[in-house]
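The data block below is model_2.pdb; it holds PDB, C-alpha atoms.
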ATOM      1  CA  MET A 278     -55.759 -66.960   6.086
ATOM      2  CA  ALA A 279     -54.007 -67.857   2.831
ATOM      3  CA  GLU A 280     -51.023 -70.170   2.994
ATOM      4  CA  LYS A 281     -47.634 -69.315   1.545
ATOM      5  CA  THR A 282     -45.363 -71.964   0.081
ATOM      6  CA  VAL A 283     -41.725 -71.692   1.145
ATOM      7  CA  SER A 284     -38.283 -72.603  -0.106
ATOM      8  CA  LEU A 285     -36.301 -72.887   3.120
ATOM      9  CA  VAL A 286     -32.516 -72.496   3.199
ATOM     10  CA  LEU A 287     -30.798 -73.715   6.380
ATOM     11  CA  GLY A 288     -27.223 -72.599   6.977
ATOM     12  CA  ALA A 289     -24.198 -74.188   8.610
ATOM     13  CA  GLY A 290     -23.330 -73.414  12.220
ATOM     14  CA  GLY A 291     -22.695 -76.419  14.460
ATOM     15  CA  ALA A 292     -24.953 -76.573  17.503
ATOM     16  CA  ARG A 293     -26.441 -73.186  16.585
ATOM     17  CA  GLY A 294     -28.187 -75.093  13.818
ATOM     18  CA  LEU A 295     -30.545 -76.482  16.445
ATOM     19  CA  ALA A 296     -32.266 -73.099  16.180
ATOM     20  CA  HIS A 297     -33.453 -74.275  12.743
ATOM     21  CA  ILE A 298     -35.947 -76.491  14.586
ATOM     22  CA  GLY A 299     -37.561 -73.457  16.226
ATOM     23  CA  VAL A 300     -37.684 -71.650  12.886
ATOM     24  CA  ILE A 301     -39.523 -74.570  11.299
ATOM     25  CA  GLN A 302     -41.933 -74.782  14.231
ATOM     26  CA  TRP A 303     -42.836 -71.097  13.915
ATOM     27  CA  LEU A 304     -43.323 -71.333  10.155
ATOM     28  CA  GLU A 305     -45.626 -74.332  10.446
ATOM     29  CA  GLU A 306     -47.691 -72.671  13.179
ATOM     30  CA  ASN A 307     -48.177 -69.524  11.118
ATOM     31  CA  GLY A 308     -49.451 -70.775   7.802
ATOM     32  CA  TYR A 309     -46.219 -71.309   5.878
ATOM     33  CA  VAL A 310     -45.956 -74.565   3.898
ATOM     34  CA  ILE A 311     -42.381 -75.742   3.304
ATOM     35  CA  ARG A 312     -42.103 -77.263  -0.174
ATOM     36  CA  SER A 313     -38.336 -77.223  -0.636
ATOM     37  CA  ILE A 314     -35.264 -77.348   1.607
ATOM     38  CA  ALA A 315     -31.599 -76.744   0.861
ATOM     39  CA  GLY A 316     -29.109 -77.121   3.677
ATOM     40  CA  SER A 317     -25.423 -77.022   4.436
ATOM     41  CA  SER A 318     -23.762 -78.947   7.279
ATOM     42  CA  MET A 319     -26.071 -78.761  10.329
ATOM     43  CA  GLY A 320     -28.692 -77.203   8.071
ATOM     44  CA  ALA A 321     -28.533 -80.306   5.872
ATOM     45  CA  LEU A 322     -29.107 -82.487   8.933
ATOM     46  CA  ILE A 323     -32.132 -80.606  10.278
ATOM     47  CA  GLY A 324     -33.562 -80.116   6.786
ATOM     48  CA  GLY A 325     -33.174 -83.770   5.861
ATOM     49  CA  ILE A 326     -34.794 -85.009   9.044
ATOM     50  CA  TYR A 327     -37.678 -82.581   8.528
ATOM     51  CA  ALA A 328     -38.091 -83.720   4.905
ATOM     52  CA  ALA A 329     -38.314 -87.310   6.179
ATOM     53  CA  GLY A 330     -41.153 -86.303   8.503
ATOM     54  CA  LYS A 331     -39.186 -87.147  11.649
ATOM     55  CA  LEU A 332     -38.297 -83.753  13.077
ATOM     56  CA  GLN A 333     -40.340 -84.313  16.251
ATOM     57  CA  VAL A 334     -38.568 -87.638  16.852
ATOM     58  CA  TYR A 335     -35.206 -85.911  16.530
ATOM     59  CA  THR A 336     -36.349 -82.981  18.692
ATOM     60  CA  ASP A 337     -37.432 -85.313  21.502
ATOM     61  CA  TRP A 338     -34.035 -87.031  21.320
ATOM     62  CA  VAL A 339     -31.799 -83.958  21.094
ATOM     63  CA  THR A 340     -33.602 -82.097  23.892
ATOM     64  CA  SER A 341     -32.849 -85.018  26.214
ATOM     65  CA  LEU A 342     -29.078 -84.929  25.596
ATOM     66  CA  GLU A 343     -26.722 -84.019  28.409
ATOM     67  CA  LYS A 344     -23.074 -82.941  28.206
ATOM     68  CA  LEU A 345     -21.769 -86.440  28.729
ATOM     69  CA  ASP A 346     -23.988 -87.792  25.931
ATOM     70  CA  VAL A 347     -22.617 -85.249  23.460
ATOM     71  CA  PHE A 348     -18.972 -85.979  24.233
ATOM     72  CA  ARG A 349     -19.572 -89.712  23.938
ATOM     73  CA  LEU A 350     -21.132 -89.233  20.507
ATOM     74  CA  LEU A 351     -18.299 -86.994  19.304
ATOM     75  CA  LEU A 352     -15.368 -89.024  20.633
ATOM     76  CA  ASP A 353     -15.201 -91.366  17.643
ATOM     77  CA  PHE A 354     -11.512 -91.073  16.778
ATOM     78  CA  SER A 355     -10.363 -91.705  13.214
ATOM     79  CA  PHE A 356      -6.678 -92.443  14.000
ATOM     80  CA  GLY A 357      -5.200 -90.487  11.127
ATOM     81  CA  GLU A 358      -7.805 -90.888   8.370
ATOM     82  CA  GLY A 359      -8.014 -87.263   7.275
ATOM     83  CA  GLY A 360      -9.822 -85.927  10.326
ATOM     84  CA  LEU A 361      -9.915 -86.170  14.091
ATOM     85  CA  ILE A 362     -13.381 -87.775  14.261
ATOM     86  CA  LYS A 363     -14.861 -90.446  11.981
ATOM     87  CA  GLY A 364     -18.444 -89.324  12.473
ATOM     88  CA  GLU A 365     -19.761 -92.866  12.068
ATOM     89  CA  ARG A 366     -21.030 -93.119  15.634
ATOM     90  CA  ILE A 367     -23.325 -90.105  15.496
ATOM     91  CA  ILE A 368     -24.563 -90.900  11.967
ATOM     92  CA  ASN A 369     -25.371 -94.499  12.950
ATOM     93  CA  VAL A 370     -27.271 -93.283  16.019
ATOM     94  CA  LEU A 371     -29.286 -90.863  13.899
ATOM     95  CA  ARG A 372     -29.927 -93.420  11.159
ATOM     96  CA  ASP A 373     -31.269 -95.862  13.727
ATOM     97  CA  LEU A 374     -33.412 -93.107  15.242
ATOM     98  CA  ILE A 375     -34.802 -91.670  12.005
ATOM     99  CA  GLY A 376     -34.669 -94.604   9.587
ATOM    100  CA  HIS A 377     -33.290 -95.212   6.106
ATOM    101  CA  TYR A 378     -34.513 -92.882   3.351
ATOM    102  CA  GLN A 379     -33.699 -92.191  -0.300
ATOM    103  CA  ILE A 380     -33.692 -88.474  -1.071
ATOM    104  CA  GLU A 381     -35.669 -88.864  -4.299
ATOM    105  CA  GLU A 382     -38.467 -90.581  -2.346
ATOM    106  CA  LEU A 383     -38.913 -87.766   0.186
ATOM    107  CA  PRO A 384     -42.247 -85.903   0.052
ATOM    108  CA  LEU A 385     -40.593 -82.541  -0.625
ATOM    109  CA  SER A 386     -37.585 -81.294  -2.561
ATOM    110  CA  TYR A 387     -34.321 -81.625  -0.618
ATOM    111  CA  THR A 388     -30.716 -80.716  -1.415
ATOM    112  CA  ALA A 389     -27.676 -81.138   0.810
ATOM    113  CA  VAL A 390     -24.601 -79.161  -0.220
ATOM    114  CA  ALA A 391     -21.090 -80.567   0.122
ATOM    115  CA  THR A 392     -17.643 -79.668  -1.259
ATOM    116  CA  ASP A 393     -15.665 -81.829  -3.696
ATOM    117  CA  LEU A 394     -12.020 -81.726  -2.594
ATOM    118  CA  GLU A 395     -10.569 -82.875  -5.914
ATOM    119  CA  GLU A 396     -12.705 -80.742  -8.232
ATOM    120  CA  GLN A 397     -12.721 -77.810  -5.776
ATOM    121  CA  LYS A 398     -16.410 -77.075  -6.302
ATOM    122  CA  GLU A 399     -19.679 -77.421  -4.447
ATOM    123  CA  VAL A 400     -21.817 -80.491  -4.994
ATOM    124  CA  TRP A 401     -25.608 -80.618  -4.725
ATOM    125  CA  LEU A 402     -26.734 -83.942  -3.283
ATOM    126  CA  ASN A 403     -30.373 -84.554  -4.188
ATOM    127  CA  ARG A 404     -30.414 -88.284  -4.860
ATOM    128  CA  GLY A 405     -29.298 -91.395  -2.992
ATOM    129  CA  PRO A 406     -29.267 -92.310   0.713
ATOM    130  CA  LEU A 407     -30.296 -89.367   2.887
ATOM    131  CA  PHE A 408     -27.750 -89.921   5.643
ATOM    132  CA  ASP A 409     -24.881 -90.315   3.172
ATOM    133  CA  ALA A 410     -25.680 -86.818   1.902
ATOM    134  CA  ILE A 411     -25.948 -85.489   5.453
ATOM    135  CA  ARG A 412     -22.659 -87.111   6.497
ATOM    136  CA  ALA A 413     -20.840 -85.571   3.507
ATOM    137  CA  SER A 414     -22.327 -82.128   4.088
ATOM    138  CA  MET A 415     -21.220 -82.203   7.752
ATOM    139  CA  ALA A 416     -17.625 -83.328   7.176
ATOM    140  CA  ILE A 417     -15.915 -80.266   8.688
ATOM    141  CA  PRO A 418     -12.298 -80.294   7.431
ATOM    142  CA  SER A 419      -9.727 -81.538   9.966
ATOM    143  CA  ILE A 420     -12.507 -82.405  12.445
ATOM    144  CA  PHE A 421     -14.598 -85.025  10.627
ATOM    145  CA  THR A 422     -13.076 -87.321   8.030
ATOM    146  CA  PRO A 423     -14.104 -86.715   4.397
ATOM    147  CA  PHE A 424     -16.878 -88.899   2.992
ATOM    148  CA  GLU A 425     -16.881 -90.553  -0.434
ATOM    149  CA  ILE A 426     -19.971 -90.607  -2.660
ATOM    150  CA  ASN A 427     -19.802 -91.923  -6.237
ATOM    151  CA  GLY A 428     -16.014 -91.641  -6.270
ATOM    152  CA  ARG A 429     -16.017 -88.049  -5.026
ATOM    153  CA  LEU A 430     -14.224 -87.179  -1.789
ATOM    154  CA  LEU A 431     -16.552 -84.719  -0.069
ATOM    155  CA  VAL A 432     -16.277 -82.373   2.899
ATOM    156  CA  ASP A 433     -18.478 -79.802   4.613
ATOM    157  CA  GLY A 434     -20.736 -77.734   2.376
ATOM    158  CA  GLY A 435     -19.933 -74.669   4.448
ATOM    159  CA  VAL A 436     -16.472 -74.542   2.884
ATOM    160  CA  LEU A 437     -17.934 -73.105  -0.322
ATOM    161  CA  ASN A 438     -21.593 -72.426   0.427
ATOM    162  CA  PRO A 439     -22.639 -72.037   4.080
ATOM    163  CA  ILE A 440     -26.077 -70.640   3.062
ATOM    164  CA  PRO A 441     -27.072 -72.571  -0.100
ATOM    165  CA  ILE A 442     -29.737 -70.395  -1.712
ATOM    166  CA  ALA A 443     -28.862 -71.285  -5.316
ATOM    167  CA  PRO A 444     -30.440 -74.791  -5.254
ATOM    168  CA  THR A 445     -33.842 -73.153  -4.586
ATOM    169  CA  LEU A 446     -33.794 -70.598  -7.404
ATOM    170  CA  ARG A 447     -35.902 -72.706  -9.762
ATOM    171  CA  ASP A 448     -38.492 -73.560  -7.107
ATOM    172  CA  GLU A 449     -42.079 -72.602  -7.848
ATOM    173  CA  THR A 450     -42.791 -71.351  -4.340
ATOM    174  CA  ASP A 451     -44.137 -68.068  -3.029
ATOM    175  CA  ILE A 452     -41.206 -67.047  -0.880
ATOM    176  CA  THR A 453     -37.601 -67.955  -0.052
ATOM    177  CA  ILE A 454     -36.489 -67.838   3.588
ATOM    178  CA  ALA A 455     -32.829 -68.246   4.553
ATOM    179  CA  VAL A 456     -31.573 -68.933   8.068
ATOM    180  CA  ASN A 457     -28.058 -67.703   8.795
ATOM    181  CA  ALA A 458     -26.762 -69.594  11.834
ATOM    182  CA  GLY A 459     -23.634 -67.437  11.909
ATOM    183  CA  GLY A 460     -25.281 -64.058  12.296
ATOM    184  CA  PRO A 461     -23.738 -61.035  14.019
ATOM    185  CA  PRO A 462     -23.003 -61.626  17.723
ATOM    186  CA  GLU A 463     -25.252 -59.882  20.219
ATOM    187  CA  PRO A 464     -23.707 -58.632  23.489
ATOM    188  CA  GLU A 465     -26.994 -59.005  25.353
ATOM    189  CA  LEU A 466     -26.921 -62.775  24.940
ATOM    190  CA  ALA A 467     -25.519 -64.498  28.019
ATOM    191  CA  ARG A 468     -22.011 -65.638  27.326
ATOM    192  CA  PRO A 469     -21.697 -69.408  27.677
ATOM    193  CA  GLN A 470     -19.052 -70.748  30.009
ATOM    194  CA  PRO A 471     -16.473 -73.256  28.791
ATOM    195  CA  ALA A 472     -17.504 -76.856  29.379
ATOM    196  CA  PRO A 473     -14.662 -79.137  30.495
ATOM    197  CA  VAL A 474     -14.437 -82.608  29.015
ATOM    198  CA  PRO A 475     -16.244 -84.924  31.481
ATOM    199  CA  ALA A 476     -13.983 -87.290  33.383
ATOM    200  CA  ALA A 477     -16.060 -90.257  32.243
ATOM    201  CA  VAL A 478     -14.935 -89.775  28.631
ATOM    202  CA  ARG A 479     -11.287 -88.942  29.324
ATOM    203  CA  ASN A 480     -10.157 -92.440  28.390
ATOM    204  CA  GLY A 481      -8.442 -93.889  25.348
ATOM    205  CA  TYR A 482      -5.202 -93.086  23.600
ATOM    206  CA  GLU A 483      -3.269 -90.188  25.106
ATOM    207  CA  LYS A 484      -2.399 -88.585  21.778
ATOM    208  CA  TYR A 485      -5.994 -88.284  20.615
ATOM    209  CA  ARG A 486      -7.274 -87.264  24.007
ATOM    210  CA  GLU A 487      -4.768 -84.401  23.976
ATOM    211  CA  LEU A 488      -5.804 -83.405  20.436
ATOM    212  CA  MET A 489      -9.433 -83.268  21.504
ATOM    213  CA  ARG A 490      -8.510 -81.198  24.570
ATOM    214  CA  GLN A 491      -6.625 -78.707  22.377
ATOM    215  CA  PHE A 492      -9.485 -78.559  19.899
ATOM    216  CA  LEU A 493     -12.156 -77.917  22.538
ATOM    217  CA  ASN A 494     -10.030 -75.340  24.329
ATOM    218  CA  GLY A 495      -9.471 -73.540  21.045
ATOM    219  CA  LEU A 496     -13.193 -73.472  20.296
ATOM    220  CA  GLN A 497     -13.967 -72.150  23.749
ATOM    221  CA  ARG A 498     -11.450 -69.315  23.484
ATOM    222  CA  ARG A 499     -12.600 -68.422  19.982
ATOM    223  CA  GLU A 500     -16.317 -68.311  20.746
ATOM    224  CA  LEU A 501     -15.874 -66.549  24.085
ATOM    225  CA  ARG A 502     -13.572 -64.008  22.396
ATOM    226  CA  GLU A 503     -10.815 -64.728  24.902
ATOM    227  CA  PRO A 504      -7.309 -63.927  23.659
ATOM    228  CA  PRO A 505      -5.126 -67.054  23.744
ATOM    229  CA  GLU A 506      -1.571 -67.020  25.008
ATOM    230  CA  SER A 507      -0.610 -68.555  21.682
ATOM    231  CA  LEU A 508      -2.525 -69.954  18.722
ATOM    232  CA  GLY A 509      -2.586 -73.734  18.580
ATOM    233  CA  LEU A 510      -3.176 -75.831  15.485
ATOM    234  CA  PHE A 511      -6.886 -76.346  15.999
ATOM    235  CA  GLU A 512      -7.489 -72.743  16.968
ATOM    236  CA  VAL A 513      -5.845 -71.587  13.727
ATOM    237  CA  ILE A 514      -8.015 -74.028  11.758
ATOM    238  CA  ALA A 515     -11.172 -72.970  13.613
ATOM    239  CA  LYS A 516     -10.488 -69.256  13.117
ATOM    240  CA  THR A 517      -9.709 -69.806   9.449
ATOM    241  CA  LEU A 518     -12.909 -71.753   8.796
ATOM    242  CA  ASP A 519     -14.981 -69.254  10.753
ATOM    243  CA  THR A 520     -13.573 -66.293   8.814
ATOM    244  CA  MET A 521     -13.987 -68.062   5.486
ATOM    245  CA  GLU A 522     -17.589 -69.164   6.092
ATOM    246  CA  ASN A 523     -18.727 -65.754   7.354
ATOM    247  CA  THR A 524     -17.185 -64.011   4.361
ATOM    248  CA  ILE A 525     -18.706 -66.445   1.863
ATOM    249  CA  ALA A 526     -22.100 -66.227   3.588
ATOM    250  CA  ARG A 527     -22.178 -62.440   3.133
ATOM    251  CA  PHE A 528     -21.420 -62.811  -0.578
ATOM    252  CA  LYS A 529     -24.045 -65.533  -1.048
ATOM    253  CA  LEU A 530     -26.729 -63.472   0.684
ATOM    254  CA  ALA A 531     -25.834 -60.476  -1.485
ATOM    255  CA  ALA A 532     -25.765 -62.482  -4.733
ATOM    256  CA  TYR A 533     -28.952 -64.481  -4.119
ATOM    257  CA  ALA A 534     -31.007 -62.234  -1.866
ATOM    258  CA  PRO A 535     -33.806 -64.259  -0.243
ATOM    259  CA  ASP A 536     -37.139 -62.708   0.622
ATOM    260  CA  ILE A 537     -36.498 -63.089   4.346
ATOM    261  CA  ILE A 538     -33.265 -63.632   6.301
ATOM    262  CA  ILE A 539     -33.455 -65.027   9.820
ATOM    263  CA  GLU A 540     -30.273 -64.326  11.790
ATOM    264  CA  ILE A 541     -29.104 -66.604  14.601
ATOM    265  CA  PRO A 542     -26.314 -64.825  16.547
ATOM    266  CA  SER A 543     -22.927 -66.507  16.298
ATOM    267  CA  ASN A 544     -22.437 -66.206  20.072
ATOM    268  CA  ALA A 545     -25.659 -68.063  20.882
ATOM    269  CA  CYS A 546     -23.651 -71.120  21.934
ATOM    270  CA  LEU A 547     -20.368 -72.916  21.469
ATOM    271  CA  PHE A 548     -19.936 -75.036  18.358
ATOM    272  CA  TYR A 549     -20.378 -78.414  20.087
ATOM    273  CA  GLU A 550     -23.005 -77.531  22.722
ATOM    274  CA  PHE A 551     -25.727 -79.770  21.345
ATOM    275  CA  TYR A 552     -26.957 -80.319  24.892
ATOM    276  CA  ARG A 553     -28.388 -76.758  24.837
ATOM    277  CA  ALA A 554     -31.250 -77.606  22.467
ATOM    278  CA  ASN A 555     -33.838 -76.483  25.009
ATOM    279  CA  GLU A 556     -32.403 -72.949  24.746
ATOM    280  CA  LEU A 557     -31.579 -72.871  21.037
ATOM    281  CA  ILE A 558     -34.922 -74.107  19.700
ATOM    282  CA  PRO A 559     -36.878 -71.274  21.412
ATOM    283  CA  LEU A 560     -34.247 -68.825  20.141
ATOM    284  CA  GLY A 561     -34.900 -69.943  16.571
ATOM    285  CA  TYR A 562     -38.649 -69.667  17.145
ATOM    286  CA  GLU A 563     -38.304 -66.127  18.491
ATOM    287  CA  ARG A 564     -35.983 -65.006  15.665
ATOM    288  CA  ALA A 565     -38.340 -66.441  13.050
ATOM    289  CA  ALA A 566     -41.234 -64.520  14.610
ATOM    290  CA  ARG A 567     -39.159 -61.345  14.649
ATOM    291  CA  ALA A 568     -38.096 -61.657  11.010
ATOM    292  CA  CYS A 569     -41.359 -62.927   9.535
ATOM    293  CA  ALA A 570     -44.077 -61.205  11.557
ATOM    294  CA  SER A 571     -44.616 -58.460   8.986
ATOM    295  CA  CYS A 572     -44.836 -61.028   6.189
ATOM    296  CA  LEU A 573     -47.464 -63.390   7.561
ATOM    297  CA  PRO A 574     -49.579 -65.146   4.921
ATOM    298  CA  GLY A 575     -52.435 -62.898   3.909
ATOM    299  CA  ASN A 576     -50.318 -59.735   3.793
ATOM    300  CA  ASP A 577     -49.801 -57.954   0.472
ATOM    301  CA  ARG A 578     -46.009 -58.172   0.527
ATOM    302  CA  GLU A 579     -44.627 -58.773  -2.928
ATOM    303  CA  ARG A 580     -42.315 -61.668  -3.493
ATOM    304  CA  GLY A 581     -38.720 -60.636  -4.135
ATOM    305  CA  LYS A 582     -37.587 -63.760  -5.990
ATOM    306  CA  THR A 583     -37.545 -63.608  -9.762
TER     307      THR A 583
END

Let me see the file written as structure tokens.
Amino acid sequence: MAEKTVSLVLGAGGARGLAHIGVIQWLEENGYVIRSIAGSSMGALIGGIYAAGKLQVYTDWVTSLEKLDVFRLLLDFSFGEGGLIKGERIINVLRDLIGHYQIEELPLSYTAVATDLEEQKEVWLNRGPLFDAIRASMAIPSIFTPFEINGRLLVDGGVLNPIPIAPTLRDETDITIAVNAGGPPEPELARPQPAPVPAAVRNGYEKYRELMRQFLNGLQRRELREPPESLGLFEVIAKTLDTMENTIARFKLAAYAPDIIIEIPSNACLFYEFYRANELIPLGYERAARACASCLPGNDRERGKT
């Protein structure tokens, strides 16, 4: 069976991005060879770890996480530095787990997409320390503090490009596959139940604990489609970002149509439910099989990219 080389585009989507792991597993098992990766936010994380050759290490780690582990990693308060969470704790854990890498030394092409706050434009990060690029691409406004690289103040790539297909347009590969981690919701998926903040992590300064409670409650109501009694600050921010990213994603997919789109339903999990990897990875695997089955290497399907 002939192999097909792939440019893989991994979209933003919080914990839903764990489905990217299942997508990659299916592609590797079915004769696709990934030569290039572009990712935004969680897509930048999974793509970068894969490019470093450490996806199995990360998979073993993330599938062992429990609720308490996730909250401990996220509760890294910034105390007024442009976001609720610094993000240093989780990045340091991942850097220790995966190792230190320079993007230009990776064995395949890799681009993380971030947003320059001052210039108001997207930035393609394809050189320098891998986890600096990942940290910048994941800096969700108001949640994670911005990250500075080469004098640029950067935030989440999903702000301007949640599905970054453009960095792959010059690739000399057979096919472009994009994974949309904010796909249309599917009623048949079991609705997740809100997860209360564990008592073991309800310590620290009262102000920030209350902010986190409001933020998590807002996310739960938004993703479960429950009407709130009134919109709080973080719920307004979350709804705004969600609306913006979904709208931009539709335009990007229309402007730079990939050969294959793999849709991960937006109601597959709550934004922060990284402890559900054992459910989300098989979901990504199944959705990759569904989208790509008719295009297995060896078929006569013509490539759509020009």

Picked residues, the PyMOL selection byres ((chain A and resi 443) around 10), expected as a list in words: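 Checked against the file, the PyMOL selection byres ((chain A and resi 443) around 10) matches Val286, Ala315, Trp401, Asn438, Ile440, Pro441, Ile442, Pro444, Thr445, Leu446, Arg447, Lys529, Ala532, Tyr533, Ala534 and Pro535 of chain A.
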
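What separates CA of Ile452 in chain A from CA of Ile538 in chain A is a distance of 11.2 Å.
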
Residue nearest Ala410 in chain A among A:Pro559, A:Gly330, A:Pro423, A:Pro461 (counting all atoms listed in the file):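 Closest residue, counting all atoms listed in the file: A:Pro423.
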
Taking all atoms of range 283-289 of chain A that the file lists, what box with edges along x, y and z, padded by 5 Å per side, do you get, with centre and edge lengths in Å to one decimal, as lines of an AutoDock Vina configuration file?
center_x = -33.0
center_y = -72.9
center_z = 4.3
size_x = 27.5
size_y = 12.5
size_z = 18.7

Pairwise distance for CA of Val390 in chain A and CA of Gly316 in chain A, rounded to one decimal in Å: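 Taking CA of Val390 in chain A and CA of Gly316 in chain A, their separation equals 6.3 Å.
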
Using only C-alpha atoms: which of A:Ala413, A:Leu547, A:Val334, A:Val456 has the shortest distance to Arg564 in chain A: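 Once distances to Arg564 in chain A are computed over only C-alpha atoms, the minimum belongs to A:Val456.
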
Selection result for the PyMOL selection byres ((chain A and resi 451) around 8) on this file, as an NGL selection string: :A and (281-284 or 449-450 or 452-453 or 580)

Residues in the PyMOL selection byres ((chain A and resi 367) around 10), expressed as a PyMOL selection string: chain A and resi 347+349-353+363-366+368-373+412

Residue neighbourhood Glu556 in chain A, 12 Å, only C-alpha atoms, exclusion window fewer than 5 positions, as a PyMOL selection string: chain A and resi 292-296+298-299+339-340+466-467+469+545-546+550-551+561-563

Resulting file, chosen residues, C-alpha atoms, as a PDB file, in the frame of the given file:
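New file selection03.pdb:
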ATOM      1  CA  ALA A 292     -24.953 -76.573  17.503  1.00  0.00           C
ATOM      2  CA  ARG A 293     -26.441 -73.186  16.585  1.00  0.00           C
ATOM      3  CA  GLY A 294     -28.187 -75.093  13.818  1.00  0.00           C
ATOM      4  CA  LEU A 295     -30.545 -76.482  16.445  1.00  0.00           C
ATOM      5  CA  ALA A 296     -32.266 -73.099  16.180  1.00  0.00           C
ATOM      6  CA  ILE A 298     -35.947 -76.491  14.586  1.00  0.00           C
ATOM      7  CA  GLY A 299     -37.561 -73.457  16.226  1.00  0.00           C
ATOM      8  CA  VAL A 339     -31.799 -83.958  21.094  1.00  0.00           C
ATOM      9  CA  THR A 340     -33.602 -82.097  23.892  1.00  0.00           C
ATOM     10  CA  LEU A 466     -26.921 -62.775  24.940  1.00  0.00           C
ATOM     11  CA  ALA A 467     -25.519 -64.498  28.019  1.00  0.00           C
ATOM     12  CA  PRO A 469     -21.697 -69.408  27.677  1.00  0.00           C
ATOM     13  CA  ALA A 545     -25.659 -68.063  20.882  1.00  0.00           C
ATOM     14  CA  CYS A 546     -23.651 -71.120  21.934  1.00  0.00           C
ATOM     15  CA  GLU A 550     -23.005 -77.531  22.722  1.00  0.00           C
ATOM     16  CA  PHE A 551     -25.727 -79.770  21.345  1.00  0.00           C
ATOM     17  CA  GLY A 561     -34.900 -69.943  16.571  1.00  0.00           C
ATOM     18  CA  TYR A 562     -38.649 -69.667  17.145  1.00  0.00           C
ATOM     19  CA  GLU A 563     -38.304 -66.127  18.491  1.00  0.00           C
TER      20      GLU A 563
END
